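Undergrad: So here's query09.txt (compact mmCIF, C-alpha atoms).
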```txt
# COMPACT_ATOMS: atom_id res chain seq x y z
CA MET A 532 0.00 0.00 0.00
CA GLU A 533 1.18 3.51 -0.77
CA ARG A 534 -0.25 6.82 0.39
CA PHE A 535 0.33 10.35 -0.90
CA GLU A 536 -1.37 13.73 -1.00
CA LEU A 537 -1.69 15.76 -4.21
CA ARG A 538 -2.68 19.43 -4.48
CA PHE A 539 -4.36 21.14 -7.42
CA SER A 540 -5.73 24.58 -8.08
CA GLY A 541 -9.50 24.66 -8.14
CA ASN A 542 -11.96 27.34 -7.12
CA ALA A 543 -15.44 26.32 -8.33
CA PRO A 544 -17.46 25.56 -5.18
CA LEU A 545 -19.09 22.13 -4.74
CA ALA A 546 -22.83 21.99 -4.07
CA GLY A 547 -22.52 19.13 -1.58
CA ARG A 548 -20.58 16.04 -0.69
CA ALA A 549 -20.67 12.60 -2.29
CA HIS A 550 -19.45 9.07 -1.70
CA VAL A 551 -19.17 6.49 -4.51
CA GLY A 552 -17.53 3.14 -5.11
CA VAL A 553 -16.25 0.22 -3.08
CA VAL A 554 -12.68 -0.81 -2.19
CA ALA A 555 -13.12 -3.95 -4.27
CA SER A 556 -10.63 -5.50 -6.68
CA GLY A 557 -10.21 -3.14 -9.66
CA ASP A 558 -12.41 -0.51 -8.06
CA LEU A 559 -12.01 2.42 -5.66
CA GLU A 560 -13.90 4.47 -3.12
CA VAL A 561 -14.15 8.26 -3.53
CA LEU A 562 -15.20 10.69 -0.79
CA MET A 563 -15.68 14.22 -2.18
CA GLU A 564 -16.41 17.24 0.02
CA PRO A 565 -16.51 21.03 -0.38
CA SER A 566 -13.30 22.72 0.76
CA ASN A 567 -11.30 25.97 0.41
CA GLU A 568 -8.39 24.22 -1.26
CA THR A 569 -8.15 21.26 -3.58
CA VAL A 570 -6.39 18.36 -1.88
CA VAL A 571 -6.56 14.71 -2.85
CA SER A 572 -5.44 12.02 -0.38
CA VAL A 573 -4.79 8.72 -2.08
CA ARG A 574 -4.31 5.31 -0.50
CA THR A 575 -3.68 2.67 -3.13
CA SER A 576 -2.90 -1.03 -3.00
CA VAL A 577 -0.57 -0.72 -6.01
CA ASP A 578 2.79 0.94 -5.35
CA GLY A 579 4.78 3.10 -7.78
CA PHE A 580 2.03 4.83 -9.78
CA GLU A 581 2.02 8.33 -8.24
CA LYS A 582 2.84 9.87 -11.64
CA VAL A 583 -0.17 8.18 -13.25
CA TRP A 584 -2.40 9.32 -10.38
CA ARG A 585 -1.15 12.88 -10.76
CA ALA A 586 -1.86 12.84 -14.52
CA THR A 587 -5.31 11.27 -14.10
CA LEU A 588 -6.31 13.78 -11.42
CA ALA A 589 -4.80 16.75 -13.33
CA ARG A 590 -6.99 15.87 -16.30
CA PHE A 591 -10.07 15.71 -14.08
CA PHE A 592 -9.37 19.10 -12.46
CA ALA A 593 -8.53 20.68 -15.84
CA ARG A 594 -12.06 19.81 -16.92
CA HIS A 595 -13.72 20.46 -13.53
CA PRO A 596 -11.72 23.04 -11.54
CA VAL A 597 -13.60 22.40 -8.28
CA ALA A 598 -12.45 23.31 -4.78
CA ALA A 599 -12.77 19.92 -3.12
CA ARG A 600 -11.27 17.73 -0.48
CA ILE A 601 -11.11 14.24 -1.96
CA GLU A 602 -10.17 10.97 -0.31
CA ILE A 603 -9.50 7.95 -2.44
CA ASN A 604 -9.21 4.37 -1.21
CA ASP A 605 -8.07 2.34 -4.19
CA SER A 606 -7.83 -1.38 -4.82
CA GLY A 607 -6.01 -1.42 -8.15
CA ALA A 608 -8.45 0.52 -10.35
CA THR A 609 -7.27 1.50 -13.85
CA PRO A 610 -7.06 5.23 -14.74
CA GLY A 611 -10.28 4.82 -16.76
CA VAL A 612 -12.19 3.52 -13.75
CA VAL A 613 -10.69 6.28 -11.56
CA SER A 614 -11.89 8.95 -14.03
CA LEU A 615 -15.38 7.46 -14.14
CA ARG A 616 -15.65 7.30 -10.34
CA LEU A 617 -14.49 10.94 -10.02
CA ALA A 618 -17.06 12.04 -12.61
CA GLN A 619 -19.74 10.02 -10.83
CA ALA A 620 -18.84 11.57 -7.46
CA LEU A 621 -18.97 15.08 -8.92
CA GLU A 622 -22.37 14.30 -10.47
CA ARG A 623 -23.65 13.12 -7.08
CA THR A 624 -22.55 16.33 -5.34
CA LYS A 625 -25.14 18.09 -7.51
CA ALA A 626 -27.98 15.75 -6.55
CA MET B 1247 -38.46 -16.14 -14.72
CA SER B 1248 -39.77 -15.09 -18.16
CA VAL B 1249 -37.61 -13.01 -20.49
CA PRO B 1250 -39.54 -9.70 -20.00
CA ALA B 1251 -39.50 -10.26 -16.23
CA LEU B 1252 -35.76 -10.94 -16.37
CA MET B 1253 -35.13 -7.78 -18.39
CA SER B 1254 -37.20 -5.47 -16.18
CA ARG B 1255 -36.05 -6.69 -12.79
CA THR B 1256 -33.29 -5.13 -10.69
CA SER B 1257 -30.81 -7.81 -9.68
CA PHE B 1258 -30.27 -7.70 -5.92
CA VAL B 1259 -27.08 -9.78 -6.22
CA GLU B 1260 -25.49 -7.04 -8.33
CA LEU B 1261 -26.25 -4.24 -5.84
CA ASN B 1262 -23.63 -3.07 -3.37
CA ALA B 1263 -24.34 -3.11 0.36
CA ARG B 1264 -25.64 0.48 0.49
CA GLU B 1265 -27.98 -0.10 -2.46
CA ARG B 1266 -29.18 -3.35 -0.88
CA ALA B 1267 -30.08 -1.63 2.39
CA ARG B 1268 -31.86 1.07 0.40
CA ALA B 1269 -33.75 -1.55 -1.64
CA LEU B 1270 -35.11 -3.29 1.46
CA LEU B 1271 -36.26 -0.11 3.21
CA ASP B 1272 -39.41 1.75 2.11
CA ASP B 1273 -38.77 4.27 -0.66
CA GLY B 1274 -37.21 7.50 0.59
CA SER B 1275 -36.85 6.29 4.20
CA PHE B 1276 -33.13 5.33 4.06
CA ARG B 1277 -31.00 7.20 6.63
CA GLU B 1278 -27.48 5.89 7.15
CA LEU B 1279 -25.81 5.71 10.57
CA LEU B 1280 -21.99 5.86 10.84
CA GLY B 1281 -21.69 6.38 7.10
CA PRO B 1282 -18.47 6.78 5.11
CA PHE B 1283 -18.05 10.47 6.08
CA ASP B 1284 -17.93 9.48 9.75
CA ARG B 1285 -14.76 7.60 8.79
CA ILE B 1286 -15.13 4.80 11.31
CA GLU B 1287 -12.66 2.58 9.47
CA SER B 1288 -10.55 -0.36 10.61
CA PRO B 1289 -7.47 0.81 12.55
CA TRP B 1290 -5.70 -2.49 11.76
CA LEU B 1291 -5.74 -2.88 7.98
CA ALA B 1292 -3.46 0.03 6.97
CA ARG B 1293 -0.82 -1.22 9.44
CA GLN B 1294 -0.84 -4.45 7.45
CA ASN B 1295 -0.58 -2.60 4.14
CA ILE B 1296 -4.20 -3.18 3.21
CA VAL B 1297 -6.31 -0.26 1.97
CA PRO B 1298 -9.23 0.28 4.37
CA GLN B 1299 -12.77 1.38 3.46
CA ALA B 1300 -14.41 4.42 5.09
CA ASP B 1301 -17.40 2.38 6.38
CA ASP B 1302 -15.35 -0.80 7.07
CA GLY B 1303 -17.66 -2.73 4.75
CA VAL B 1304 -20.86 -2.55 6.78
CA VAL B 1305 -23.81 -0.28 6.03
CA VAL B 1306 -26.25 0.42 8.87
CA ALA B 1307 -29.39 2.33 7.92
CA ARG B 1308 -32.55 3.31 9.73
CA GLY B 1309 -35.80 3.66 7.84
CA THR B 1310 -39.12 1.89 7.63
CA ILE B 1311 -40.28 -1.47 6.28
CA GLY B 1312 -44.00 -1.68 5.59
CA GLY B 1313 -44.36 1.64 7.41
CA VAL B 1314 -42.80 0.29 10.64
CA ALA B 1315 -39.46 1.56 12.02
CA ALA B 1316 -36.64 -0.65 10.77
CA VAL B 1317 -32.89 -1.05 10.76
CA ALA B 1318 -31.14 -2.62 7.76
CA ILE B 1319 -27.61 -3.93 8.25
CA ALA B 1320 -25.87 -4.89 5.01
CA ILE B 1321 -22.40 -6.39 4.62
CA GLU B 1322 -20.33 -5.33 1.56
CA GLY B 1323 -19.04 -8.59 0.12
CA ALA B 1324 -16.68 -6.91 -2.36
CA PHE B 1325 -14.57 -5.31 0.40
CA GLN B 1326 -12.25 -7.89 2.01
CA GLY B 1327 -14.74 -10.67 1.25
CA GLY B 1328 -17.32 -9.10 3.57
CA SER B 1329 -15.17 -10.19 6.49
CA THR B 1330 -16.05 -9.17 10.04
CA GLY B 1331 -13.41 -7.04 11.75
CA GLU B 1332 -13.41 -5.14 15.01
CA VAL B 1333 -15.19 -2.10 13.57
CA SER B 1334 -17.56 -3.76 11.10
CA GLY B 1335 -18.53 -6.31 13.77
CA ALA B 1336 -19.12 -3.58 16.36
CA LYS B 1337 -21.36 -1.73 13.88
CA ILE B 1338 -23.50 -4.85 13.40
CA ALA B 1339 -23.65 -5.76 17.10
CA GLY B 1340 -24.26 -2.14 18.12
CA ALA B 1341 -27.13 -1.73 15.66
CA LEU B 1342 -28.73 -4.95 16.91
CA GLU B 1343 -28.29 -3.90 20.55
CA LEU B 1344 -29.96 -0.54 19.88
CA ALA B 1345 -32.80 -2.35 18.11
CA ALA B 1346 -33.22 -4.59 21.18
CA LYS B 1347 -33.36 -1.50 23.40
CA ASP B 1348 -36.16 -0.07 21.23
CA ALA B 1349 -38.03 -3.37 21.16
CA LYS B 1350 -37.78 -3.78 24.94
CA ALA B 1351 -39.12 -0.25 25.42
CA GLY B 1352 -42.17 -1.23 23.38
CA LYS B 1353 -41.10 0.65 20.23
CA PRO B 1354 -41.71 -1.56 17.19
CA ILE B 1355 -38.56 -2.30 15.21
CA ARG B 1356 -37.89 -4.47 12.16
CA PRO B 1357 -34.22 -5.55 12.03
CA VAL B 1358 -32.95 -7.12 8.81
CA LEU B 1359 -29.43 -8.46 8.20
CA VAL B 1360 -28.06 -8.80 4.66
CA PHE B 1361 -25.19 -11.29 4.68
CA GLU B 1362 -22.37 -11.50 2.14
CA THR B 1363 -19.33 -12.75 3.98
CA GLY B 1364 -16.71 -15.41 4.50
CA GLY B 1365 -16.80 -14.81 8.27
CA VAL B 1366 -14.18 -13.36 10.60
CA ARG B 1367 -11.50 -11.08 9.06
CA LEU B 1368 -8.28 -13.00 9.57
CA GLN B 1369 -6.18 -9.79 9.72
CA GLU B 1370 -8.08 -8.77 12.86
CA ALA B 1371 -8.02 -12.26 14.38
CA ASN B 1372 -9.33 -12.34 17.95
CA LEU B 1373 -10.99 -8.92 17.70
CA GLY B 1374 -13.05 -10.23 14.79
CA LEU B 1375 -13.91 -13.38 16.73
CA ALA B 1376 -14.92 -11.32 19.77
CA ALA B 1377 -17.09 -9.12 17.55
CA MET B 1378 -18.72 -12.25 16.15
CA ALA B 1379 -19.61 -13.41 19.67
CA ASP B 1380 -21.17 -9.97 20.30
CA VAL B 1381 -23.22 -10.30 17.10
CA HIS B 1382 -24.48 -13.78 18.09
CA ALA B 1383 -25.41 -12.61 21.60
CA ALA B 1384 -27.13 -9.52 20.17
CA VAL B 1385 -29.28 -11.56 17.75
CA VAL B 1386 -30.34 -13.96 20.52
CA ALA B 1387 -31.19 -11.05 22.86
CA LEU B 1388 -33.08 -9.16 20.15
CA ARG B 1389 -35.13 -12.05 18.77
CA ARG B 1390 -36.85 -12.46 22.16
CA HIS B 1391 -38.52 -9.10 21.56
CA ALA B 1392 -38.74 -8.76 17.76
CA PRO B 1393 -38.28 -11.14 14.84
CA VAL B 1394 -34.89 -10.76 13.13
CA VAL B 1395 -34.89 -11.40 9.37
CA GLY B 1396 -31.79 -12.53 7.44
CA VAL B 1397 -31.13 -12.36 3.70
CA ILE B 1398 -28.41 -14.21 1.79
CA ALA B 1399 -28.35 -13.13 -1.85
CA GLY B 1400 -24.93 -14.30 -3.13
CA MET B 1401 -22.59 -14.67 -4.88
CA ILE B 1402 -20.18 -14.91 -1.94
CA GLY B 1403 -22.77 -16.37 0.38
CA CYS B 1404 -22.55 -16.62 4.14
CA PHE B 1405 -19.85 -18.64 5.89
CA GLY B 1406 -17.86 -18.88 9.09
CA GLY B 1407 -19.21 -17.20 12.20
CA MET B 1408 -21.80 -15.35 10.11
CA GLY B 1409 -23.08 -18.78 9.00
CA ILE B 1410 -23.94 -19.25 12.67
CA THR B 1411 -25.60 -15.81 12.78
CA ALA B 1412 -27.73 -16.85 9.80
CA GLY B 1413 -28.75 -19.92 11.80
CA LEU B 1414 -29.90 -17.75 14.70
CA VAL B 1415 -32.30 -15.41 12.85
CA SER B 1416 -36.07 -15.76 13.07
CA ARG B 1417 -36.54 -16.15 9.34
CA LEU B 1418 -33.91 -16.68 6.65
CA ILE B 1419 -34.47 -15.68 3.02
CA VAL B 1420 -32.15 -16.99 0.27
CA THR B 1421 -31.83 -16.83 -3.51
CA ARG B 1422 -30.65 -19.65 -5.77
CA GLN B 1423 -27.31 -17.82 -6.05
CA ALA B 1424 -26.83 -17.83 -2.26
CA ARG B 1425 -24.69 -20.27 -0.32
CA LEU B 1426 -24.78 -21.01 3.38
CA GLY B 1427 -22.25 -22.98 5.36
CA LEU B 1428 -19.73 -22.98 8.17
CA ASN B 1429 -16.46 -23.85 6.44
CA GLY B 1430 -16.27 -22.63 2.86
CA PRO B 1431 -15.43 -25.17 0.13
CA GLU B 1432 -11.83 -23.92 -0.27
CA VAL B 1433 -11.19 -24.39 3.44
CA ILE B 1434 -12.59 -27.94 3.35
CA GLU B 1435 -10.50 -28.84 0.32
CA GLN B 1436 -7.37 -27.41 1.92
CA ASN B 1437 -7.88 -29.34 5.14
CA ALA B 1438 -9.38 -32.64 3.98
CA GLY B 1439 -8.08 -32.92 0.42
CA VAL B 1440 -9.63 -32.67 -3.02
CA GLU B 1441 -11.05 -36.23 -2.70
CA GLU B 1442 -13.26 -34.94 0.11
CA LEU B 1443 -14.46 -31.83 -1.75
CA ASP B 1444 -13.41 -30.28 -5.04
CA SER B 1445 -13.90 -26.56 -4.44
CA ARG B 1446 -13.83 -25.83 -8.19
CA ASP B 1447 -16.81 -28.10 -8.86
CA ARG B 1448 -19.47 -25.42 -8.76
CA PRO B 1449 -22.53 -27.68 -9.36
CA LEU B 1450 -21.33 -29.89 -6.48
CA ILE B 1451 -20.76 -26.91 -4.17
CA TRP B 1452 -24.20 -25.45 -4.90
CA SER B 1453 -25.83 -28.89 -4.56
CA LEU B 1454 -24.54 -28.96 -0.97
CA THR B 1455 -24.56 -25.34 0.23
CA GLY B 1456 -26.62 -23.50 -2.42
CA GLY B 1457 -29.76 -21.56 -1.60
CA GLU B 1458 -32.10 -24.01 -3.34
CA GLN B 1459 -30.67 -26.98 -1.41
CA ARG B 1460 -30.67 -25.14 1.94
CA HIS B 1461 -34.30 -24.21 1.36
CA ALA B 1462 -35.26 -27.73 0.27
CA VAL B 1463 -33.93 -29.27 3.49
CA GLY B 1464 -35.41 -26.54 5.70
CA LEU B 1465 -32.23 -24.68 6.66
CA ALA B 1466 -33.61 -21.58 4.93
CA ASP B 1467 -37.25 -20.47 5.12
CA ASP B 1468 -37.92 -18.68 1.83
CA LEU B 1469 -36.41 -19.12 -1.63
CA VAL B 1470 -36.83 -15.93 -3.65
CA ALA B 1471 -35.73 -14.94 -7.16
CA ASP B 1472 -32.81 -12.51 -7.55
CA ASP B 1473 -35.07 -9.47 -7.83
CA ALA B 1474 -34.80 -6.44 -5.51
CA ASP B 1475 -38.59 -5.91 -5.38
CA ALA B 1476 -39.30 -9.60 -4.75
CA LEU B 1477 -36.75 -9.65 -1.92
CA ALA B 1478 -38.15 -6.47 -0.36
CA ASP B 1479 -41.63 -8.06 -0.51
CA ALA B 1480 -40.31 -11.26 1.09
CA VAL B 1481 -38.63 -9.30 3.90
CA ARG B 1482 -41.82 -7.34 4.59
CA ALA B 1483 -43.88 -10.56 4.55
CA ALA B 1484 -41.40 -12.18 6.95
CA PHE B 1485 -41.93 -9.38 9.47
CA GLU B 1486 -45.69 -9.56 9.01
CA ARG B 1487 -45.63 -13.25 10.01
CA GLY B 1488 -44.28 -12.13 13.40
CA GLN B 1489 -42.35 -14.37 15.75
CA PRO B 1490 -41.93 -18.05 14.84
CA ALA B 1491 -43.47 -20.49 17.34
CA GLU B 1492 -39.95 -21.68 18.02
CA HIS B 1493 -36.64 -20.47 16.58
CA GLN B 1494 -34.85 -23.04 14.40
CA SER B 1495 -31.79 -22.89 16.64
CA GLU B 1496 -33.89 -23.84 19.69
CA ARG B 1497 -35.10 -27.12 18.17
CA ILE B 1498 -32.24 -29.22 19.50
CA ALA B 1499 -34.07 -32.59 19.51
CA PHE B 1500 -35.31 -32.08 15.95
CA TRP B 1501 -31.85 -31.41 14.51
CA ARG B 1502 -30.28 -34.18 16.60
CA GLY B 1503 -32.85 -36.58 15.17
CA ARG B 1504 -31.82 -35.58 11.67
CA LEU B 1505 -28.14 -36.17 12.38
CA GLU B 1506 -28.95 -39.64 13.71
CA ARG B 1507 -30.46 -40.52 10.33
CA LEU B 1508 -27.45 -39.21 8.37
CA PRO B 1509 -26.71 -41.55 5.43
CA ALA B 1510 -23.21 -42.97 4.78
CA THR B 1511 -22.74 -40.63 1.81
CA PRO B 1512 -24.52 -37.44 2.80
CA GLU B 1513 -24.55 -35.71 -0.58
CA GLY B 1514 -27.13 -33.13 -1.67
CA PRO B 1515 -29.86 -35.20 -3.40
CA ALA B 1516 -29.78 -37.93 -0.70
CA LEU B 1517 -30.23 -35.36 2.06
CA ARG B 1518 -33.11 -33.75 0.19
CA LYS B 1519 -34.87 -37.10 -0.11
CA LEU B 1520 -34.24 -37.94 3.52
CA TRP B 1521 -34.99 -34.59 5.12
CA MET B 1522 -37.62 -32.97 2.89
CA GLY B 1523 -40.40 -35.02 4.50
CA ASP B 1524 -39.74 -33.61 7.95
CA ARG B 1525 -39.36 -30.04 6.71
CA PRO B 1526 -39.83 -27.83 9.77
```
Have the structure of the file written as structure tokens, please.
TA:
Amino acid sequence: MERFELRFSGNAPLAGRAHVGVVASGDLEVLMEPSNETVVSVRTSVDGFEKVWRATLARFFARHPVAARIEINDSGATPGVVSLRLAQALERTKA
Amino acid sequence: MSVPALMSRTSFVELNARERARALLDDGSFRELLGPFDRIESPWLARQNIVPQADDGVVVARGTIGGVAAVAIAIEGAFQGGSTGEVSGAKIAGALELAAKDAKAGKPIRPVLVFETGGVRLQEANLGLAAMADVHAAVVALRRHAPVVGVIAGMIGCFGGMGITAGLVSRLIVTRQARLGLNGPEVIEQNAGVEELDSRDRPLIWSLTGGEQRHAVGLADDLVADDADALADAVRAAFERGQPAEHQSERIAFWRGRLERLPATPEGPALRKLWMGDRP
């Protein structure tokens, strides 16, 4: 397991908080909450992929520059699954 | 199930624990206790390099079932095999204890447990075992005051200490995809050899521990199709039946009598033939 914290610039406020996903093989759990700064805490079962995480998250925040505190508990999800879960979480904050 | 029925149903097996709890409670009544944002996670998994989950794999939700106050406790089988650790076990036992408090005070409560678990979480060893004992004690204390309904949907099934919990509930509902047992097939194969049980032989495994078999021999009360609405109806109906005259786990002489008639080769079809007649 590896853990790291990544910071991004985002200022669009979130309407609410959201929780999606399960820490199941190939999947991840995302907790997304409104915040003043954009910080993502990642815990992942697969070591050595911080660069890929940074790129995946940078792409998400480039499209959705939200101010959010995000916690990710990952069990080996691919970048595609991570992107879908982030989009799903953001969608849920609007519900 | 006909093709249109199959296409229009919502599979309960495919739902996660939170969606399962929501499906069993009346529409719009779901209110989660100790949810993921409360971050009551296992303090032991990260120390062993295992990624924890914010709700430790157990969803506890208050709501109503058939208009009556209810608590749904659902185990997430996809997280660590639905295993019971210190925290997840305490959530289950605590929810049952609070339900017992309500029931004793004369407040109606409908507690339903949704199993999907291999039993105790090995990484939390004795703490998981202790939690399991708390869960068993809580079910026995609660069922004196209110019927406790259990659901096993599959595909993991219900094994280990939670297999005992399933044996303690007032009414047990299973699907064909469900399995119920004490030792899982892999454990039996590992300990007694592949001649004793081939854990990869799925038809054999389901013929012994599958939902249809467990229902046929009376170890489960209702066999329901994998359909969220059908299961919610079955759970509501189970509560409406009220308390059983006698809980299955109290019928010591009955079960002892069955064991005395155990055939030399106790495989699935033989047991069905032998035990179906005396279905409790």
Undergrad: Which residue gives the smallest distance to chain B among A:Asn542, A:Asn567, A:Ser576, A:Ser614, with all atoms listed in the file counted?
TA: A:Ser576
Undergrad: List every residue of chain A that has an atom at most 8 Å from any atom of chain B, giving for each one its closest atom pair and the distance in Å to one decimal, counting only C-alpha atoms, sorted by chain and then by ascending residue number, as a tab-separated table.
TA:
```
residue	atom	partner	partner_atom	distance
A:Met532	CA	B:Asn1295	CA	4.9
A:His550	CA	B:Pro1282	CA	7.3
A:Val553	CA	B:Phe1325	CA	6.7
A:Val554	CA	B:Phe1325	CA	5.5
A:Ala555	CA	B:Ala1324	CA	5.0
A:Ser556	CA	B:Ala1324	CA	7.6
A:Glu560	CA	B:Gln1299	CA	7.4
A:Leu562	CA	B:Phe1283	CA	7.4
A:Arg574	CA	B:Val1297	CA	6.4
A:Thr575	CA	B:Val1297	CA	6.4
A:Ser576	CA	B:Val1297	CA	6.1
A:Asn604	CA	B:Val1297	CA	6.3
A:Asp605	CA	B:Val1297	CA	6.9
A:Ser606	CA	B:Val1297	CA	7.0
```
Undergrad: Record the distance separating atom CA of B:Ile1402 and atom CA of B:Leu1426, expressed in Å with one decimal.
TA: 9.3 Å
Undergrad: Smallest atom-to-atom distance to B:Ala1318: which of B:Gly1409, B:Val1481, B:Leu1261, B:Gln1423, using all atoms listed in the file?
TA: B:Val1481
Undergrad: Quick one: residues within 8 Å of (-38.7, -14.6, 7.7) (file frame), counting only C-alpha atoms, please, as a VMD selection string.
TA: chain B and resid 1393 to 1396 1416 to 1419 1467 to 1468 1480 to 1481 1483 to 1485 1487
Undergrad: Between atom CA of A:Asp558 and atom CA of B:Ile1398, what is the distance, to one decimal in Å?
TA: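 Atom CA of A:Asp558 sits 23.3 Å away from atom CA of B:Ile1398.
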Undergrad: For a test of reading the model, state the distance in Å between atom CA of B:Val1249 and atom CA of B:Asp1472, rounded to one decimal.
TA: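 For atom CA of B:Val1249 relative to atom CA of B:Asp1472, the distance reads 13.8 Å.
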Undergrad: Restricting the calculation to all atoms listed in the file: of A:Val612, A:Val577, A:Ala626, A:Ala543, which residue gets closest to A:His595?
TA: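 Looking only at the distances to A:His595, the closest residue turns out to be A:Ala543.
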Undergrad: Identify the residues within 10 Å of coordinate (-21.9, 17.2, -8.3) (same frame as the file), considering all atoms listed in the file, and give the answer as a PyMOL selection string.
TA: chain A and resi 544-549+563-564+597+617-626
Undergrad: Extract, using all atoms listed in the file, all DNA, RNA and protein residues at most 9 Å from A:Trp584, discarding same-chain residues fewer than 4 positions from it, and format them as a PyMOL selection string.
TA: chain A and resi 537+573+580+588-589+610+613
Undergrad: I need the residue nearest A:Ala593 from this list: A:Gly611, A:Gly557, A:Gly541, A:Arg616. Use all atoms listed in the file for the distance.
TA: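 Among A:Gly611, A:Gly557, A:Gly541, A:Arg616, it is A:Gly541 that comes nearest to A:Ala593.
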Undergrad: For stretch 586-597 of chain A, I'd like the enclosing box, axis-aligned and padded by 6 Å on every side, reported as JSON with centre and edge lengths in Å to one decimal.
TA:
```
{"center_x": -7.8, "center_y": 17.2, "center_z": -12.6, "size_x": 23.9, "size_y": 23.8, "size_z": 20.6}
```
Undergrad: With distances taken over only C-alpha atoms, which of A:Ile601, A:Arg585, A:Phe591, A:Gly552 is nearest to A:Val571?
TA: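 Between A:Ile601, A:Arg585, A:Phe591, A:Gly552, the residue approaching A:Val571 most closely is A:Ile601.
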Undergrad: May I have the residues within 10 Å of B:Leu1344 as a ChimeraX atom specification, using all atoms listed in the file and disregarding those fewer than 5 positions away in the same chain?
TA: /B:1317,1339,1349-1350,1355,1384,1388
Undergrad: Env of B:Arg1446: 9 Å cut, atoms = all atoms listed in the file, seq-sep filter 4 positions within chain, self excluded. Answer as a PyMOL selection string.
TA: chain B and resi 1431-1432+1450-1451
Undergrad: Nearest to B:Ile1311: which of B:Leu1342, B:Val1420, B:Leu1270, B:Leu1477 is it, counting only C-alpha atoms?
TA: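 Counting only C-alpha atoms, the residue closest to B:Ile1311 is B:Leu1270.
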